[in-house]
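The data block below is input-v3.pdb; it holds PDB, C-alpha atoms, pLDDT in the B column.
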ATOM      1  CA  MET A 181      23.082  52.673 -28.194  1.00 42.00           C
ATOM      2  CA  LYS A 182      25.424  51.283 -25.584  1.00 40.00           C
ATOM      3  CA  TYR A 183      22.723  51.800 -22.915  1.00 35.00           C
ATOM      4  CA  ILE A 184      20.066  49.999 -24.977  1.00 36.00           C
ATOM      5  CA  TYR A 185      22.383  47.023 -25.370  1.00 34.00           C
ATOM      6  CA  ILE A 186      23.053  46.903 -21.597  1.00 35.00           C
ATOM      7  CA  LEU A 187      19.338  47.291 -20.803  1.00 33.00           C
ATOM      8  CA  THR A 188      18.467  44.454 -23.208  1.00 35.00           C
ATOM      9  CA  ILE A 189      21.016  42.129 -21.594  1.00 36.00           C
ATOM     10  CA  LEU A 190      19.772  43.104 -18.126  1.00 33.00           C
ATOM     11  CA  PHE A 191      16.148  42.495 -19.167  1.00 34.00           C
ATOM     12  CA  LEU A 192      17.018  39.059 -20.600  1.00 34.00           C
ATOM     13  CA  ALA A 193      18.945  38.123 -17.464  1.00 36.00           C
ATOM     14  CA  LEU A 194      16.032  39.108 -15.247  1.00 34.00           C
ATOM     15  CA  SER A 195      13.574  37.234 -17.469  1.00 38.00           C
ATOM     16  CA  CYS A 196      15.625  34.067 -17.291  1.00 42.00           C
ATOM     17  CA  GLY A 197      15.803  34.350 -13.516  1.00 41.00           C
ATOM     18  CA  GLN A 198      12.025  34.679 -13.303  1.00 41.00           C
ATOM     19  CA  LYS A 199      11.512  31.548 -15.420  1.00 40.00           C
ATOM     20  CA  ASP A 200      13.726  29.571 -13.065  1.00 41.00           C
ATOM     21  CA  ASN A 201      11.729  30.797 -10.063  1.00 41.00           C
ATOM     22  CA  THR A 202       8.464  29.913 -11.792  1.00 38.00           C
ATOM     23  CA  SER A 203       9.579  26.377 -12.574  1.00 39.00           C
ATOM     24  CA  SER A 204      10.733  25.791  -9.000  1.00 40.00           C
ATOM     25  CA  ASN A 205       7.388  27.145  -7.756  1.00 40.00           C
ATOM     26  CA  ASN A 206       5.564  24.718 -10.046  1.00 38.00           C
ATOM     27  CA  GLU A 207       7.616  21.832  -8.701  1.00 40.00           C
ATOM     28  CA  SER A 208       6.688  22.703  -5.135  1.00 37.00           C
ATOM     29  CA  ILE A 209       3.000  22.900  -6.094  1.00 41.00           C
ATOM     30  CA  ALA A 210       3.015  19.411  -7.638  1.00 41.00           C
ATOM     31  CA  VAL A 211       0.786  17.046  -5.684  1.00 47.00           C
ATOM     32  CA  SER A 212       2.297  13.817  -4.424  1.00 53.00           C
ATOM     33  CA  ASN A 213       0.300  10.598  -4.153  1.00 66.00           C
ATOM     34  CA  GLU A 214       2.564   9.338  -1.398  1.00 70.00           C
ATOM     35  CA  ILE A 215       1.330   9.346   2.185  1.00 77.00           C
ATOM     36  CA  GLU A 216       3.320   8.963   5.352  1.00 88.00           C
ATOM     37  CA  VAL A 217       4.234   5.338   5.979  1.00 91.00           C
ATOM     38  CA  PRO A 218       2.736   4.172   9.281  1.00 94.00           C
ATOM     39  CA  PRO A 219       4.915   2.225  11.716  1.00 96.00           C
ATOM     40  CA  VAL A 220       5.397  -1.481  11.140  1.00 96.00           C
ATOM     41  CA  ILE A 221       2.830  -3.678  12.878  1.00 97.00           C
ATOM     42  CA  PRO A 222       4.134  -4.643  16.335  1.00 96.00           C
ATOM     43  CA  LYS A 223       5.294  -8.208  16.786  1.00 96.00           C
ATOM     44  CA  GLU A 224       3.030  -8.538  19.830  1.00 96.00           C
ATOM     45  CA  ILE A 225      -0.072  -7.983  17.672  1.00 96.00           C
ATOM     46  CA  LEU A 226       1.056 -10.638  15.200  1.00 96.00           C
ATOM     47  CA  ILE A 227       1.784 -13.089  18.023  1.00 96.00           C
ATOM     48  CA  ASN A 228      -1.674 -12.423  19.490  1.00 96.00           C
ATOM     49  CA  LEU A 229      -3.281 -13.025  16.089  1.00 96.00           C
ATOM     50  CA  PHE A 230      -1.198 -16.170  15.552  1.00 97.00           C
ATOM     51  CA  GLU A 231      -2.327 -17.585  18.899  1.00 97.00           C
ATOM     52  CA  ASN A 232      -5.941 -16.348  19.072  1.00 97.00           C
ATOM     53  CA  CYS A 233      -7.343 -15.506  15.631  1.00 97.00           C
ATOM     54  CA  ASN A 234      -9.972 -18.061  14.678  1.00 97.00           C
ATOM     55  CA  TYR A 235     -11.447 -16.572  11.489  1.00 97.00           C
ATOM     56  CA  ILE A 236     -10.103 -14.598   8.526  1.00 97.00           C
ATOM     57  CA  ASP A 237     -12.114 -13.231   5.624  1.00 96.00           C
ATOM     58  CA  PHE A 238     -10.495 -12.174   2.351  1.00 95.00           C
ATOM     59  CA  ILE A 239     -12.639  -9.888   0.243  1.00 94.00           C
ATOM     60  CA  PHE A 240     -11.006  -9.287  -3.130  1.00 92.00           C
ATOM     61  CA  ALA A 241     -11.641  -6.004  -4.895  1.00 91.00           C
ATOM     62  CA  THR A 242     -11.656  -7.376  -8.443  1.00 87.00           C
ATOM     63  CA  LEU A 243     -11.493 -11.176  -8.261  1.00 86.00           C
ATOM     64  CA  PRO A 244     -14.619 -13.300  -8.765  1.00 83.00           C
ATOM     65  CA  PHE A 245     -14.442 -14.989  -5.340  1.00 85.00           C
ATOM     66  CA  SER A 246     -13.704 -14.487  -1.658  1.00 90.00           C
ATOM     67  CA  ILE A 247     -11.935 -16.706   0.862  1.00 92.00           C
ATOM     68  CA  SER A 248     -12.765 -17.497   4.469  1.00 95.00           C
ATOM     69  CA  GLN A 249     -10.452 -19.382   6.797  1.00 96.00           C
ATOM     70  CA  ASP A 250     -11.455 -21.037  10.045  1.00 96.00           C
ATOM     71  CA  GLN A 251      -8.789 -23.732  10.349  1.00 97.00           C
ATOM     72  CA  LYS A 252      -6.062 -22.806  12.821  1.00 96.00           C
ATOM     73  CA  SER A 253      -3.218 -24.041  10.577  1.00 96.00           C
ATOM     74  CA  SER A 254      -4.471 -22.030   7.563  1.00 95.00           C
ATOM     75  CA  ILE A 255      -4.956 -18.927   9.686  1.00 97.00           C
ATOM     76  CA  GLN A 256      -1.460 -19.223  11.132  1.00 97.00           C
ATOM     77  CA  GLN A 257       0.016 -19.733   7.681  1.00 96.00           C
ATOM     78  CA  THR A 258      -1.796 -16.595   6.448  1.00 96.00           C
ATOM     79  CA  ILE A 259      -0.492 -14.572   9.397  1.00 97.00           C
ATOM     80  CA  SER A 260       3.025 -15.826   8.659  1.00 96.00           C
ATOM     81  CA  HIS A 261       2.813 -14.063   5.256  1.00 96.00           C
ATOM     82  CA  ILE A 262       3.103 -10.726   7.052  1.00 97.00           C
ATOM     83  CA  ASP A 263       6.697  -9.531   7.129  1.00 95.00           C
ATOM     84  CA  GLN A 264       7.757  -7.024   9.753  1.00 91.00           C
ATOM     85  CA  LYS A 265       9.480  -4.843   7.196  1.00 93.00           C
ATOM     86  CA  ARG A 266       8.098  -1.353   6.881  1.00 92.00           C
ATOM     87  CA  PRO A 267       7.285  -0.375   3.279  1.00 92.00           C
ATOM     88  CA  LEU A 268       9.534   2.330   1.863  1.00 90.00           C
ATOM     89  CA  LYS A 269       6.586   4.295   0.502  1.00 90.00           C
ATOM     90  CA  ILE A 270       2.792   4.194   0.351  1.00 91.00           C
ATOM     91  CA  ASP A 271       1.171   5.370  -2.871  1.00 90.00           C
ATOM     92  CA  ASN A 272      -2.341   6.666  -2.247  1.00 87.00           C
ATOM     93  CA  SER A 273      -3.262   6.190  -5.919  1.00 90.00           C
ATOM     94  CA  CYS A 274      -2.790   2.393  -5.834  1.00 92.00           C
ATOM     95  CA  PRO A 275      -5.995   0.383  -5.592  1.00 93.00           C
ATOM     96  CA  TYR A 276      -6.113  -2.285  -2.926  1.00 93.00           C
ATOM     97  CA  PHE A 277      -6.108  -5.927  -3.974  1.00 94.00           C
ATOM     98  CA  ALA A 278      -8.033  -7.334  -1.031  1.00 94.00           C
ATOM     99  CA  GLN A 279      -9.384  -6.589   2.388  1.00 96.00           C
ATOM    100  CA  GLN A 280      -8.400  -9.037   5.096  1.00 96.00           C
ATOM    101  CA  ILE A 281     -10.496  -9.143   8.264  1.00 96.00           C
ATOM    102  CA  PHE A 282      -9.112 -10.875  11.348  1.00 97.00           C
ATOM    103  CA  GLN A 283     -11.582 -12.095  13.994  1.00 97.00           C
ATOM    104  CA  VAL A 284     -11.267 -13.552  17.458  1.00 97.00           C
ATOM    105  CA  ASP A 285     -14.433 -15.248  18.719  1.00 96.00           C
ATOM    106  CA  GLY A 286     -16.616 -13.337  16.253  1.00 95.00           C
ATOM    107  CA  LYS A 287     -15.134  -9.917  17.036  1.00 95.00           C
ATOM    108  CA  ILE A 288     -13.133  -8.019  14.412  1.00 94.00           C
ATOM    109  CA  VAL A 289      -9.754  -7.272  15.994  1.00 94.00           C
ATOM    110  CA  LEU A 290      -7.854  -6.058  12.943  1.00 94.00           C
ATOM    111  CA  ASP A 291      -8.656  -5.035   9.403  1.00 96.00           C
ATOM    112  CA  ALA A 292      -6.041  -4.949   6.642  1.00 97.00           C
ATOM    113  CA  LYS A 293      -5.938  -3.687   3.103  1.00 96.00           C
ATOM    114  CA  ILE A 294      -3.605  -5.722   0.911  1.00 95.00           C
ATOM    115  CA  PHE A 295      -1.855  -3.902  -1.905  1.00 95.00           C
ATOM    116  CA  PHE A 296      -0.336  -6.350  -4.352  1.00 93.00           C
ATOM    117  CA  GLN A 297       0.930  -4.929  -7.610  1.00 90.00           C
ATOM    118  CA  GLU A 298       4.187  -3.569  -8.961  1.00 86.00           C
ATOM    119  CA  ASN A 299       5.405  -0.606  -6.857  1.00 85.00           C
ATOM    120  CA  CYS A 300       2.529  -1.122  -4.392  1.00 91.00           C
ATOM    121  CA  THR A 301       3.166  -4.312  -2.444  1.00 93.00           C
ATOM    122  CA  TYR A 302       2.346  -3.949   1.233  1.00 95.00           C
ATOM    123  CA  TYR A 303      -0.251  -4.325   3.963  1.00 97.00           C
ATOM    124  CA  LEU A 304      -1.972  -1.409   5.659  1.00 96.00           C
ATOM    125  CA  PHE A 305      -3.622  -2.253   8.984  1.00 96.00           C
ATOM    126  CA  TYR A 306      -6.601  -0.441  10.465  1.00 94.00           C
ATOM    127  CA  GLU A 307      -8.037  -0.426  13.974  1.00 88.00           C
ATOM    128  CA  ASN A 308     -11.519   1.047  14.378  1.00 85.00           C
ATOM    129  CA  GLY A 309     -11.301   2.425  10.840  1.00 87.00           C
ATOM    130  CA  GLU A 310      -8.073   4.326  11.499  1.00 91.00           C
ATOM    131  CA  LEU A 311      -4.815   3.560   9.679  1.00 93.00           C
ATOM    132  CA  LYS A 312      -2.355   2.322  12.306  1.00 95.00           C
ATOM    133  CA  TYR A 313       0.326   0.043  10.896  1.00 97.00           C
ATOM    134  CA  SER A 314       2.028  -1.225   7.774  1.00 96.00           C
ATOM    135  CA  ALA A 315       4.011  -4.292   6.767  1.00 97.00           C
ATOM    136  CA  GLY A 316       5.583  -6.046   3.829  1.00 95.00           C
ATOM    137  CA  PHE A 317       5.178  -9.598   2.541  1.00 95.00           C
ATOM    138  CA  THR A 318       7.301 -12.640   3.191  1.00 95.00           C
ATOM    139  CA  GLN A 319       8.366 -14.608   0.113  1.00 95.00           C
ATOM    140  CA  ALA A 320       5.742 -17.226   1.026  1.00 94.00           C
ATOM    141  CA  GLY A 321       3.136 -14.459   1.081  1.00 93.00           C
ATOM    142  CA  ILE A 322       4.124 -13.270  -2.382  1.00 93.00           C
ATOM    143  CA  THR A 323       3.831 -16.848  -3.662  1.00 94.00           C
ATOM    144  CA  PHE A 324       0.442 -17.258  -1.951  1.00 92.00           C
ATOM    145  CA  TYR A 325      -1.062 -14.135  -3.551  1.00 91.00           C
ATOM    146  CA  ASN A 326       0.436 -14.941  -6.940  1.00 92.00           C
ATOM    147  CA  ASN A 327      -1.292 -18.341  -6.692  1.00 91.00           C
ATOM    148  CA  ILE A 328      -4.607 -16.655  -5.883  1.00 88.00           C
ATOM    149  CA  ILE A 329      -4.233 -14.451  -8.968  1.00 87.00           C
ATOM    150  CA  ALA A 330      -3.420 -17.524 -11.099  1.00 89.00           C
ATOM    151  CA  GLN A 331      -6.525 -19.307  -9.741  1.00 84.00           C
ATOM    152  CA  ALA A 332      -8.665 -16.285 -10.547  1.00 83.00           C
ATOM    153  CA  LYS A 333      -7.370 -16.249 -14.126  1.00 81.00           C
ATOM    154  CA  GLU A 334      -8.144 -19.960 -14.411  1.00 81.00           C
ATOM    155  CA  VAL A 335     -11.685 -19.400 -13.131  1.00 74.00           C
ATOM    156  CA  SER A 336     -12.163 -16.551 -15.611  1.00 70.00           C
ATOM    157  CA  ASN A 337     -10.869 -18.657 -18.512  1.00 74.00           C
ATOM    158  CA  ASN A 338     -13.259 -21.498 -17.659  1.00 72.00           C
ATOM    159  CA  GLU A 339     -16.335 -19.279 -17.692  1.00 66.00           C
TER     160      GLU A 339
END
What's the structure tokens form of this structure?
Amino acid sequence: MKYIYILTILFLALSCGQKDNTSSNNESIAVSNEIEVPPVIPKEILINLFENCNYIDFIFATLPFSISQDQKSSIQQTISHIDQKRPLKIDNSCPYFAQQIFQVDGKIVLDAKIFFQENCTYYLFYENGELKYSAGFTQAGITFYNNIIAQAKEVSNNE
């Protein structure tokens, strides 16, 4: 009887240990939506855009309009919305808010996806279709995109 009692305790102890291993294995199998954060966009690229970009297109994923800029002051203001702070994380499951295409003399020099929602507020920059850089928003940039969202709601309410 004494041996049965010891064997039962040993069996329970081993079973509990296996459950702990299983749960830690499940945690390691869990898929993360986060991707590696690319480096922050170099200041030299932003300076080049500020000085030479002469056309920006905004193509919004879900808003009922797009925006094009060809005035130097508007373009420079838009570029000044890019903060050189690297996002802490990039969530691959977040939909992008807009695509921003920067052109110099009719040639696309940089393409950005703008992510603008809670827990996903950053720029991702692409060169030749490849993810290269990231950046945050300045406070003026946050205000600018909040105003665009407010205008879109106004347009929707008037329809």
Any chance you could resolve the PyMOL selection byres ((chain A and resi 264-272) around 6) against this file and give the residues as a PyMOL selection string?
chain A and resi 213-215+217+220+263+273-274+315-316
Using only C-alpha atoms, which residues sit within 10 Å of A:Ser253 once same-chain residues fewer than 4 positions away are excluded, as a list in words?
Phe230, Asn234, Gln249, Gln257, Thr258 and Ile259 of chain A
Of the candidates A:Ala292, A:Ile329, A:Leu304, A:Ile239, which shows the shortest atom-to-atom distance to A:Pro218, using all atoms listed in the file?
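Ranking A:Ala292, A:Ile329, A:Leu304, A:Ile239 by distance to A:Pro218, first place goes to A:Leu304.
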Do a neighbour search on A:Thr318 at 7 Å with only C-alpha atoms, toss out local chain neighbours closer than 2 positions, and write the hits as a PyMOL selection string.
chain A and resi 261-263+316+320-322
Quote the spacing between atom CA of A:Phe277 and atom CA of A:Lys252 in Å to one decimal place.
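Straight-line distance from atom CA of A:Phe277 to atom CA of A:Lys252 works out to 23.8 Å.
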Translate the PyMOL selection byres ((chain A and resi 237) around 7), as applied to the file shown, into an explicit residue set as a ChimeraX atom specification.
/A:235-236,238-239,247-249,280-282
Box along x, y and z, 3 Å on every side, all listed atoms of stretch 325-338 of chain A inside: centre and edge lengths in Å to one decimal, as AutoDock Vina command-line options.
--center_x -6.4 --center_y -17.8 --center_z -11.0 --size_x 19.7 --size_y 13.4 --size_z 21.0
Write out as a list of chain:residue names which residues come within 10 Å of A:Ser336 when counting only C-alpha atoms, dropping same-chain ones fewer than 6 positions away.
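Everything that qualifies: A:Leu243, A:Pro244, A:Ala330.
Compared by their closest atoms to A:Lys287, and using all atoms listed in the file, the residues A:Tyr313, A:Asn308, A:Tyr303, A:Pro219 rank with A:Asn308 nearest.
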Pairwise distance, atom CA of A:Asn228 with atom CA of A:Asn327, equals 26.8 Å
